[in-house]
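**Q** Structure: final.cif, mmCIF, C-alpha atoms (C1' of nucleotides).
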data_entry
loop_
_atom_site.label_atom_id
_atom_site.label_comp_id
_atom_site.auth_asym_id
_atom_site.auth_seq_id
_atom_site.Cartn_x
_atom_site.Cartn_y
_atom_site.Cartn_z
CA MET A 1 -61.11 11.36 19.53
CA ILE A 2 -58.85 9.05 17.63
CA ILE A 3 -55.96 7.19 19.18
CA CYS A 4 -53.35 6.34 16.59
CA ILE A 5 -50.86 3.76 17.76
CA VAL A 6 -47.53 3.86 15.96
CA GLY A 7 -44.07 2.41 16.40
CA PRO A 8 -41.69 -0.01 14.77
CA THR A 9 -42.60 -3.48 13.69
CA GLY A 10 -42.73 -5.98 16.51
CA VAL A 11 -43.10 -3.62 19.49
CA GLY A 12 -46.59 -4.79 20.32
CA LYS A 13 -48.86 -2.23 18.69
CA SER A 14 -51.61 -4.70 17.82
CA ALA A 15 -51.81 -6.08 21.34
CA LEU A 16 -52.09 -2.61 22.81
CA ALA A 17 -54.82 -1.72 20.35
CA LEU A 18 -56.75 -4.81 21.23
CA ARG A 19 -56.48 -4.14 24.93
CA LEU A 20 -57.67 -0.58 24.47
CA ALA A 21 -60.54 -1.56 22.27
CA LYS A 22 -61.71 -4.14 24.76
CA ALA A 23 -61.60 -1.68 27.61
CA THR A 24 -63.45 1.08 25.78
CA HIS A 25 -65.70 -0.81 23.39
CA GLY A 26 -63.69 0.80 20.68
CA GLU A 27 -63.05 -0.36 17.16
CA ILE A 28 -59.78 -0.85 15.37
CA ILE A 29 -58.76 0.49 11.98
CA ASN A 30 -55.75 -0.95 10.22
CA GLY A 31 -52.93 1.42 9.34
CA ASP A 32 -50.60 -1.06 7.78
CA ALA A 33 -49.93 -1.29 4.07
CA PHE A 34 -49.80 -5.06 3.86
CA GLN A 35 -52.36 -6.19 6.37
CA ILE A 36 -54.77 -4.62 3.93
CA TYR A 37 -54.31 -7.63 1.67
CA ASP A 38 -56.39 -10.70 1.99
CA GLU A 39 -54.64 -14.04 2.49
CA MET A 40 -51.34 -12.52 3.58
CA ASN A 41 -51.61 -13.52 7.19
CA ILE A 42 -48.48 -15.04 8.61
CA GLY A 43 -45.93 -12.70 7.06
CA THR A 44 -47.83 -9.55 7.94
CA ALA A 45 -48.48 -10.64 11.53
CA LYS A 46 -52.15 -9.96 11.11
CA PRO A 47 -54.34 -10.28 14.20
CA SER A 48 -55.85 -13.71 14.57
CA LYS A 49 -59.35 -14.65 13.50
CA ASP A 50 -60.41 -14.93 17.11
CA GLU A 51 -59.16 -11.48 17.91
CA MET A 52 -60.95 -10.06 14.92
CA ARG A 53 -64.13 -11.77 15.95
CA GLU A 54 -63.93 -10.37 19.43
CA ILE A 55 -63.34 -6.75 18.47
CA PRO A 56 -64.43 -5.05 15.24
CA HIS A 57 -61.39 -4.72 13.00
CA HIS A 58 -61.66 -2.57 9.90
CA LEU A 59 -59.61 -2.38 6.73
CA PHE A 60 -57.94 -5.73 7.27
CA SER A 61 -57.86 -8.27 4.42
CA ILE A 62 -60.04 -6.12 2.20
CA VAL A 63 -57.97 -6.11 -0.97
CA SER A 64 -56.98 -8.98 -3.20
CA ILE A 65 -53.33 -9.58 -3.95
CA ASN A 66 -54.31 -9.08 -7.58
CA ASP A 67 -55.44 -5.54 -6.97
CA SER A 68 -53.22 -2.55 -6.81
CA PHE A 69 -53.63 -0.37 -3.81
CA SER A 70 -52.07 2.95 -2.96
CA SER A 71 -52.04 5.64 -0.35
CA PHE A 72 -54.86 7.31 -2.24
CA ASP A 73 -57.08 4.27 -1.78
CA TYR A 74 -56.10 4.10 1.83
CA GLN A 75 -56.87 7.76 2.36
CA LEU A 76 -60.33 7.30 0.90
CA LEU A 77 -61.22 4.15 2.80
CA ALA A 78 -59.77 5.25 6.09
CA ARG A 79 -61.53 8.60 6.05
CA LYS A 80 -64.79 6.92 5.17
CA LYS A 81 -64.38 4.47 7.98
CA ILE A 82 -63.47 7.16 10.46
CA ALA A 83 -66.58 9.14 9.53
CA GLU A 84 -68.70 6.04 9.95
CA LEU A 85 -67.32 5.26 13.39
CA GLU A 86 -67.54 8.86 14.52
CA GLN A 87 -71.18 8.75 13.51
CA LYS A 88 -71.59 5.63 15.53
CA GLY A 89 -69.86 7.29 18.46
CA VAL A 90 -67.33 4.60 19.30
CA PRO A 91 -63.71 5.17 20.26
CA ILE A 92 -61.49 4.84 17.22
CA ILE A 93 -58.14 3.16 17.46
CA ILE A 94 -55.90 3.21 14.42
CA VAL A 95 -52.90 0.92 14.53
CA GLY A 96 -50.23 0.59 11.95
CA GLY A 97 -46.69 0.95 10.89
CA THR A 98 -47.12 2.59 7.52
CA GLY A 99 -46.35 6.20 8.18
CA MET A 100 -47.31 7.54 4.81
CA TYR A 101 -50.70 5.85 4.81
CA LEU A 102 -51.46 7.26 8.21
CA LYS A 103 -50.31 10.69 7.21
CA SER A 104 -52.24 10.75 3.98
CA ALA A 105 -55.46 9.78 5.74
CA LEU A 106 -55.14 11.91 8.84
CA PHE A 107 -53.57 15.03 7.39
CA ASP A 108 -54.74 17.37 4.66
CA PHE A 109 -53.01 15.60 1.81
CA ASP A 110 -54.35 16.63 -1.55
CA LEU A 111 -54.45 13.54 -3.70
CA ALA A 112 -56.38 13.77 -6.96
CA PRO A 113 -59.40 11.46 -7.08
CA GLN A 114 -58.76 9.73 -10.31
CA GLU A 115 -55.49 9.77 -12.03
CA GLU A 116 -55.32 9.44 -15.77
CA LYS A 117 -52.37 7.72 -17.23
CA VAL A 118 -49.76 9.82 -18.92
CA ASP A 119 -47.09 8.61 -21.26
CA LEU A 120 -43.80 8.69 -19.42
CA SER A 121 -41.86 6.62 -21.91
CA TYR A 122 -39.68 9.56 -22.92
CA TYR A 123 -38.67 10.13 -19.33
CA GLU A 124 -38.23 6.50 -18.50
CA LYS A 125 -35.49 6.25 -21.08
CA LEU A 126 -33.37 8.97 -19.51
CA ASP A 127 -30.61 8.19 -17.08
CA ASN A 128 -30.87 9.41 -13.50
CA HIS A 129 -29.01 12.61 -14.09
CA ASN A 130 -30.88 13.69 -17.18
CA LEU A 131 -34.19 12.69 -15.67
CA HIS A 132 -33.45 14.94 -12.75
CA LEU A 133 -32.60 17.78 -15.13
CA GLU A 134 -36.05 17.38 -16.66
CA LEU A 135 -37.67 17.73 -13.25
CA GLU A 136 -35.55 20.78 -12.65
CA LYS A 137 -37.16 22.37 -15.70
CA LEU A 138 -40.71 21.49 -14.65
CA ASP A 139 -40.54 21.92 -10.90
CA PRO A 140 -37.22 23.34 -9.74
CA GLU A 141 -38.28 23.57 -6.13
CA GLU A 142 -39.15 19.89 -5.95
CA ALA A 143 -35.98 18.97 -7.82
CA LEU A 144 -33.95 20.45 -5.01
CA LYS A 145 -35.62 18.14 -2.53
CA ILE A 146 -35.22 14.86 -4.38
CA HIS A 147 -31.83 13.30 -4.95
CA GLU A 148 -31.25 12.38 -8.58
CA ASN A 149 -30.63 8.76 -7.67
CA ASN A 150 -34.10 8.52 -6.23
CA ARG A 151 -35.46 7.78 -9.66
CA LYS A 152 -38.84 6.59 -8.44
CA ARG A 153 -39.60 9.87 -6.71
CA VAL A 154 -38.18 12.03 -9.48
CA LEU A 155 -40.36 10.26 -12.00
CA ARG A 156 -43.41 10.61 -9.80
CA ALA A 157 -42.86 14.35 -9.38
CA ILE A 158 -42.72 14.69 -13.14
CA GLU A 159 -45.84 12.59 -13.46
CA ILE A 160 -47.71 14.76 -11.00
CA TYR A 161 -46.89 17.83 -13.02
CA LEU A 162 -47.98 16.21 -16.27
CA ILE A 163 -51.24 14.89 -14.86
CA ARG A 164 -52.31 17.79 -12.72
CA GLY A 165 -50.72 20.58 -14.65
CA GLU A 166 -49.46 21.85 -11.35
CA LYS A 167 -46.16 21.41 -9.60
CA LYS A 168 -45.92 18.98 -6.76
CA SER A 169 -44.16 21.64 -4.73
CA SER A 170 -47.02 24.09 -5.19
CA LEU A 171 -49.66 21.48 -4.39
CA ILE A 172 -47.87 20.80 -1.15
CA GLY A 173 -47.39 24.48 -0.55
CA LYS A 174 -51.15 24.99 -0.52
CA GLN A 175 -51.70 22.54 2.27
CA GLU A 176 -51.86 23.53 5.89
CA HIS A 177 -50.05 20.44 7.11
CA ARG A 178 -52.27 19.77 10.02
CA ALA A 179 -54.37 16.87 11.18
CA LEU A 180 -57.98 16.84 10.05
CA TYR A 181 -59.12 15.01 13.15
CA ASP A 182 -58.74 15.18 16.86
CA VAL A 183 -56.04 12.56 16.86
CA CYS A 184 -53.55 11.59 19.53
CA PHE A 185 -50.45 9.68 18.45
CA VAL A 186 -49.24 7.10 20.89
CA GLY A 187 -45.85 5.58 20.12
CA LEU A 188 -44.42 2.38 21.50
CA GLU A 189 -40.67 2.03 21.72
CA LEU A 190 -38.12 -0.35 23.14
CA PRO A 191 -34.33 -0.30 23.47
CA ARG A 192 -32.83 -1.26 20.14
CA GLU A 193 -31.35 -4.50 21.31
CA THR A 194 -34.55 -5.67 22.94
CA LEU A 195 -36.56 -4.74 19.89
CA TYR A 196 -34.16 -6.47 17.53
CA ASN A 197 -34.28 -9.62 19.59
CA ARG A 198 -38.04 -9.57 19.50
CA ILE A 199 -38.02 -9.06 15.78
CA GLU A 200 -35.73 -12.03 15.21
CA LEU A 201 -37.88 -14.20 17.42
CA ARG A 202 -40.96 -13.07 15.61
CA VAL A 203 -39.45 -13.97 12.26
CA GLU A 204 -38.58 -17.40 13.58
CA LYS A 205 -42.13 -17.85 14.77
CA MET A 206 -43.44 -16.85 11.38
CA ILE A 207 -41.26 -19.49 9.80
CA GLU A 208 -42.54 -22.09 12.24
CA SER A 209 -46.09 -21.05 11.52
CA GLY A 210 -45.56 -21.73 7.86
CA LEU A 211 -44.54 -18.48 6.24
CA GLU A 212 -42.69 -20.33 3.51
CA GLU A 213 -45.79 -22.33 2.61
CA GLU A 214 -47.92 -19.20 2.64
CA VAL A 215 -45.58 -17.48 0.21
CA LEU A 216 -45.45 -20.52 -2.03
CA THR A 217 -49.21 -20.96 -2.05
CA LEU A 218 -49.97 -17.32 -2.74
CA SER A 219 -47.27 -16.80 -5.33
CA SER A 220 -48.35 -19.84 -7.29
CA LYS A 221 -51.99 -18.86 -7.02
CA TYR A 222 -51.56 -15.25 -8.10
CA GLY A 223 -48.19 -15.13 -9.83
CA GLU A 224 -45.15 -13.45 -8.41
CA ASP A 225 -45.47 -10.03 -9.89
CA HIS A 226 -47.61 -8.12 -7.44
CA LYS A 227 -47.03 -5.08 -5.31
CA ALA A 228 -48.18 -7.05 -2.33
CA PHE A 229 -45.12 -9.27 -2.63
CA GLN A 230 -42.84 -6.37 -1.89
CA ALA A 231 -43.64 -7.12 1.71
CA ILE A 232 -40.74 -8.34 3.80
CA GLY A 233 -40.77 -12.10 4.08
CA TYR A 234 -42.57 -12.61 0.79
CA LYS A 235 -40.06 -10.80 -1.38
CA GLU A 236 -37.07 -12.56 0.17
CA PHE A 237 -38.49 -16.02 -0.34
CA ILE A 238 -39.59 -15.38 -3.91
CA THR A 239 -36.29 -13.92 -5.06
CA GLY A 240 -34.32 -16.30 -2.89
CA TRP A 241 -35.86 -19.34 -4.55
CA HIS A 242 -34.93 -17.99 -7.96
CA GLN A 243 -31.36 -17.46 -6.85
CA ASN A 244 -31.19 -20.87 -5.22
CA LYS A 245 -30.36 -19.34 -1.91
CA LYS A 246 -30.18 -21.51 1.14
CA ARG A 247 -33.24 -21.44 3.33
CA ASP A 248 -31.24 -20.26 6.32
CA ASP A 249 -29.77 -17.41 4.35
CA ILE A 250 -33.22 -16.34 3.24
CA ILE A 251 -34.41 -16.37 6.83
CA GLN A 252 -31.40 -14.34 7.89
CA GLU A 253 -32.15 -11.85 5.16
CA ILE A 254 -35.73 -11.51 6.36
CA LYS A 255 -34.44 -10.74 9.83
CA ASN A 256 -32.02 -8.13 8.51
CA LYS A 257 -34.65 -6.44 6.42
CA SER A 258 -37.09 -6.39 9.29
CA ARG A 259 -34.55 -4.72 11.53
CA ALA A 260 -33.74 -2.10 8.94
CA TYR A 261 -37.43 -1.51 8.45
CA ALA A 262 -37.97 -0.97 12.16
CA ARG A 263 -35.17 1.58 12.10
CA ARG A 264 -36.77 3.49 9.26
CA GLN A 265 -40.10 3.49 11.03
CA PHE A 266 -38.52 5.13 14.06
CA THR A 267 -37.10 7.83 11.85
CA TYR A 268 -40.44 8.43 10.19
CA PHE A 269 -42.58 8.58 13.29
CA ARG A 270 -40.07 10.59 15.26
CA ASN A 271 -39.82 13.25 12.62
CA GLN A 272 -43.16 13.34 10.86
CA PHE A 273 -45.64 13.17 13.71
CA ASP A 274 -45.96 14.63 17.14
CA VAL A 275 -45.89 11.36 19.05
CA ASN A 276 -46.29 10.62 22.74
CA TRP A 277 -43.69 7.90 23.20
CA PHE A 278 -43.81 5.14 25.78
CA SER A 279 -41.43 2.31 26.47
CA SER A 280 -43.92 0.76 28.83
CA VAL A 281 -47.04 -0.73 27.31
CA ASP A 282 -48.93 -0.20 30.54
CA GLU A 283 -48.15 3.47 30.60
CA ALA A 284 -49.14 3.81 26.97
CA TYR A 285 -52.36 2.03 27.81
CA GLN A 286 -53.15 4.27 30.76
CA PHE A 287 -52.35 7.38 28.83
CA SER A 288 -54.54 6.37 25.89
CA LEU A 289 -57.36 5.35 28.15
CA GLU A 290 -57.38 8.73 29.85
CA ARG A 291 -57.40 10.46 26.52
CA LEU A 292 -60.32 8.43 25.29
CA ASN A 293 -62.32 8.83 28.47
CA LYS A 294 -61.82 12.54 28.63
CA ARG A 295 -63.91 12.89 25.49
CA GLN A 296 -66.77 10.66 26.34
"C1'" G B 1 10.40 -29.56 15.94
"C1'" G B 2 10.62 -27.87 10.54
"C1'" U B 3 8.67 -25.45 5.97
"C1'" U B 4 5.23 -22.27 3.62
"C1'" C B 5 1.25 -18.91 3.80
"C1'" C B 6 -2.13 -15.48 6.20
"C1'" U B 7 -3.34 -11.11 9.60
"C1'" U B 8 -6.89 -4.49 6.22
"C1'" A B 9 -13.58 -1.07 10.00
"C1'" G B 10 -18.48 -5.40 13.87
"C1'" C B 11 -18.29 -9.24 9.65
"C1'" C B 12 -16.73 -10.46 4.43
"C1'" A B 13 -13.19 -8.35 1.30
"C1'" A B 14 -10.08 -5.46 -2.92
"C1'" G B 15 -5.67 -2.91 -3.16
"C1'" U B 16 -0.92 0.23 -4.47
"C1'" G B 17 6.14 2.45 -2.32
"C1'" G B 18 3.30 8.34 -2.02
"C1'" U B 19 -1.24 8.95 3.06
"C1'" A B 20 -7.01 2.86 1.95
"C1'" A B 21 -12.45 -0.06 -3.56
"C1'" G B 22 -16.74 -2.51 -2.50
"C1'" G B 23 -20.52 -5.57 0.03
"C1'" C B 24 -23.18 -6.76 4.65
"C1'" A B 25 -24.33 -4.98 9.42
"C1'" A B 26 -24.80 -0.44 12.58
"C1'" C B 27 -26.21 4.64 13.06
"C1'" U B 28 -28.49 9.35 11.23
"C1'" G B 29 -31.72 11.38 7.80
"C1'" A B 30 -35.36 12.14 3.53
"C1'" C B 31 -40.18 10.50 2.40
"C1'" U B 32 -47.58 13.82 -0.34
"C1'" G B 33 -50.50 7.66 -5.35
"C1'" C B 34 -45.37 1.33 -5.65
"C1'" A B 35 -43.91 3.10 1.27
"C1'" A B 36 -42.50 -3.68 4.76
"C1'" C B 37 -40.97 0.89 -1.12
"C1'" U B 38 -37.19 4.14 -2.84
"C1'" C B 39 -33.13 7.22 -1.71
"C1'" A B 40 -29.01 10.18 0.85
"C1'" G B 41 -25.17 10.61 4.58
"C1'" U B 42 -21.58 8.66 8.47
"C1'" G B 43 -16.61 4.84 10.09
"C1'" A B 44 -10.53 2.13 9.59
"C1'" G B 45 -4.86 4.57 8.38
"C1'" C B 46 -4.10 -1.61 7.15
"C1'" G B 47 -1.96 -7.55 14.00
"C1'" U B 48 2.95 -6.05 17.12
"C1'" C B 49 7.69 -3.88 17.67
"C1'" G B 50 11.78 -2.27 14.96
"C1'" G B 51 14.48 -1.24 10.28
"C1'" U B 52 15.15 0.48 4.99
"C1'" U B 53 13.28 4.90 2.29
"C1'" C B 54 12.26 11.76 0.95
"C1'" A B 55 7.78 8.62 1.74
"C1'" A B 56 5.43 1.94 3.88
"C1'" C B 57 -0.58 -0.42 4.64
"C1'" U B 58 2.47 -1.85 0.56
"C1'" C B 59 9.95 -3.78 1.17
"C1'" C B 60 13.14 -6.36 5.30
"C1'" G B 61 13.32 -8.46 10.12
"C1'" U B 62 10.96 -9.45 15.29
"C1'" C B 63 7.12 -11.07 18.21
"C1'" A B 64 1.91 -12.64 18.62
"C1'" G B 65 -2.35 -15.10 16.68
"C1'" G B 66 -4.18 -18.33 12.78
"C1'" A B 67 -3.94 -21.93 8.47
"C1'" A B 68 -1.68 -25.81 5.56
"C1'" C B 69 1.96 -29.36 4.86
"C1'" C B 70 6.15 -32.23 6.68
"C1'" U B 71 8.63 -34.97 10.70
#
Have the structure of the file written as structure tokens, please.
**A**
Amino acid sequence: MIICIVGPTGVGKSALALRLAKATHGEIINGDAFQIYDEMNIGTAKPSKDEMREIPHHLFSIVSINDSFSSFDYQLLARKKIAELEQKGVPIIIVGGTGMYLKSALFDFDLAPQEEKVDLSYYEKLDNHNLHLELEKLDPEEALKIHENNRKRVLRAIEIYLIRGEKKSSLIGKQEHRALYDVCFVGLELPRETLYNRIELRVEKMIESGLEEEVLTLSSKYGEDHKAFQAIGYKEFITGWHQNKKRDDIIQEIKNKSRAYARRQFTYFRNQFDVNWFSSVDEAYQFSLERLNKRQ
RNA sequence: GGUUCCUUAGCCAAGUGGUAAGGCAACUGACUGCAACUCAGUGAGCGUCGGUUCAACUCCGUCAGGAACCU
């Protein structure tokens, strides 16, 4: 039995996971795209060293900022870790806010093991509209689903076809769209206003804890051009410095982006997973505990 | 007390005598190798009252609120 704790940023997922793990001698697997990276601690609200020492935490800080990481890598590592813990017979608690990572690991996503590079330069030169027309030729079904302005996704759908020789739509069509594990999704929610206040407070705490210094240190150590720095808090400081933005404006921007992110997470979890939602942490805790105990 | 100017969605803001750009925020949604990414959709009839006009948010006046300057 796997308990997968989801919800928007700042609701208290990590704390719930920790509490559950302590009570059940369970172990925690990270389901967050940026807590994966080493050295990004303050901005990603990673659990503290003490907490990690107390309870086994997996898939935290395992990738260097230099490395590129994707949902394929996550799928591989997470599944491996799940198998290992199932073998060991401990309760598994996955916590994270990255819906797609969770979905790709837990559901029957078909991601090709190694992806060769294909030359997309012809496509990259096209404007949005013509690029979309190209996808329409290769994979009309997929073209219907992706808006032509969503260049990134249109390009990726074309790339999938070129690499795999099969349409993205047909690859997805072959899947059963069900979870591969006995997993129970537990969602934490709060009224918008309460959540937004918590998020703002959390950002302020991050600033006090030295987020700005962390960003400066890491970006000068590794350079600024890394996927990892797309993370909220890092991105805003890096681009803000270049644009000579005022510190307060940068902080405000981080708050805004965090709120918008929380909103998107709600949309994702509500509509992509079958989640048991709780606005009370205690109730979520009780519910999860019962689920875990039932299987042991 | 006088003169001039301003008043457009939650905020910022463009605009024309013929029925209102855009940005931010908010909300809804999409999401199968960048996902804390990327993308789509949704809102006002223009401070108030009255007048001119075929037609006013756009012209005239009234009142209210605000700004600047003068005394």
**Q** Expanded to explicit residues, what is the PyMOL selection byres ((chain A) within 9 of (chain B)) for this file, as a PyMOL selection string?
**A** chain A and resi 9+33-34+44+68-73+97-101+103-104+109-112+115+145-153+156+168+171-172+227+230-233+256-258+261+267-268
**Q** Give me the result of the PyMOL selection byres ((chain B and resi 8) around 12) on this file, residue by residue, as a ChimeraX atom specification.
**A** /B:6-7,9,12-15,20,44-47,57-58
**Q** With all atoms listed in the file as the counted atoms, please give the residues lying no more than 12 Å from Ser48 of chain A, apart from itself and same-chain residues fewer than 6 positions off, as a PDB file with C-alpha atoms, keeping the file's coordinate frame.
**A**
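Produced file part38.pdb, reproduced below:
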ATOM      1  CA  SER A  14     -51.610  -4.700  17.820  1.00  0.00           C
ATOM      2  CA  ALA A  15     -51.810  -6.080  21.340  1.00  0.00           C
ATOM      3  CA  LEU A  18     -56.750  -4.810  21.230  1.00  0.00           C
ATOM      4  CA  GLN A  35     -52.360  -6.190   6.370  1.00  0.00           C
ATOM      5  CA  MET A  40     -51.340 -12.520   3.580  1.00  0.00           C
ATOM      6  CA  ASN A  41     -51.610 -13.520   7.190  1.00  0.00           C
ATOM      7  CA  ILE A  42     -48.480 -15.040   8.610  1.00  0.00           C
ATOM      8  CA  GLU A  54     -63.930 -10.370  19.430  1.00  0.00           C
ATOM      9  CA  ILE A  55     -63.340  -6.750  18.470  1.00  0.00           C
ATOM     10  CA  HIS A  57     -61.390  -4.720  13.000  1.00  0.00           C
ATOM     11  CA  PHE A  60     -57.940  -5.730   7.270  1.00  0.00           C
ATOM     12  CA  SER A  61     -57.860  -8.270   4.420  1.00  0.00           C
TER      13      SER A  61
END
**Q** With a distance cut-off of 7 Å and all atoms listed in the file, select the neighbouring residues of segment 48-52 of chain B, excluding the residue or stretch itself and same-chain residues fewer than 4 positions from it, and output the selection as a list in words.
**A**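 My list of contacting residues is U62, C63 and A64 of chain B.
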**Q** So that I can see what lies close to Asp248 of chain A, please list as a VMD selection string the residues with an atom at most 12 Å from it, counting all atoms listed in the file and leaving out residues fewer than 3 positions away in the same chain.
**A** chain A and resid 203 to 204 207 212 236 to 237 240 to 241 244 to 245 251 to 255
**Q** Could you work out how far atom CA of Thr24 of chain A lies from atom CA of Ser288 of chain A, giving the answer in Å with one decimal?
**A**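 Computing it gives 10.4 Å between the two atoms.
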**Q** Which residue, B:G61, B:A56, B:U4, B:A68, has the smallest gap to U16 of chain B when you use all atoms listed in the file?
**A**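 Checking each of B:G61, B:A56, B:U4, B:A68 against U16 of chain B, counting all atoms listed in the file, the winner is B:A56.
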**Q** Record the distance separating atom CA of Arg270 of chain A and atom CA of His58 of chain A, expressed in Å with one decimal.
**A**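 Between atom CA of Arg270 of chain A and atom CA of His58 of chain A the gap is 25.8 Å.
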**Q** Which residues, named as in the file, does the PyMOL selection byres ((chain A and resi 2) around 9) pick out? Answer as a CSV table (one decimal) with C-alpha atoms, in the frame of the given file.
**A**
chain,number,residue,atom,x,y,z
A,1,MET,CA,-61.1,11.4,19.5
A,3,ILE,CA,-56.0,7.2,19.2
A,4,CYS,CA,-53.4,6.3,16.6
A,82,ILE,CA,-63.5,7.2,10.5
A,91,PRO,CA,-63.7,5.2,20.3
A,92,ILE,CA,-61.5,4.8,17.2
A,93,ILE,CA,-58.1,3.2,17.5
A,94,ILE,CA,-55.9,3.2,14.4
A,181,TYR,CA,-59.1,15.0,13.2
A,182,ASP,CA,-58.7,15.2,16.9
A,183,VAL,CA,-56.0,12.6,16.9
A,184,CYS,CA,-53.6,11.6,19.5
A,185,PHE,CA,-50.4,9.7,18.4
A,292,LEU,CA,-60.3,8.4,25.3
**Q** I need every residue sitting at most 12 Å from the point (-67.7, 1.9, 23.4) (coordinates as in the file, all atoms listed in the file considered), written as a short mmCIF file (atom, residue, chain, number, x, y, z; two decimals) with C-alpha atoms, in the frame of the given file.
**A**
data_model
loop_
_atom_site.label_atom_id
_atom_site.label_comp_id
_atom_site.auth_asym_id
_atom_site.auth_seq_id
_atom_site.Cartn_x
_atom_site.Cartn_y
_atom_site.Cartn_z
CA LEU A 20 -57.67 -0.58 24.47
CA ALA A 21 -60.54 -1.56 22.27
CA LYS A 22 -61.71 -4.14 24.76
CA ALA A 23 -61.60 -1.68 27.61
CA THR A 24 -63.45 1.08 25.78
CA HIS A 25 -65.70 -0.81 23.39
CA GLY A 26 -63.69 0.80 20.68
CA GLU A 27 -63.05 -0.36 17.16
CA ILE A 28 -59.78 -0.85 15.37
CA ILE A 55 -63.34 -6.75 18.47
CA PRO A 56 -64.43 -5.05 15.24
CA LEU A 85 -67.32 5.26 13.39
CA GLU A 86 -67.54 8.86 14.52
CA LYS A 88 -71.59 5.63 15.53
CA GLY A 89 -69.86 7.29 18.46
CA VAL A 90 -67.33 4.60 19.30
CA PRO A 91 -63.71 5.17 20.26
CA ILE A 92 -61.49 4.84 17.22
CA ILE A 93 -58.14 3.16 17.46
CA LEU A 289 -57.36 5.35 28.15
CA LEU A 292 -60.32 8.43 25.29
CA ASN A 293 -62.32 8.83 28.47
CA ARG A 295 -63.91 12.89 25.49
CA GLN A 296 -66.77 10.66 26.34
#
**Q** Measure the distance from atom CA of Pro191 of chain A to atom CA of Ile5 of chain A in Å and round it to one decimal.
**A**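 The value is 18.0 Å.
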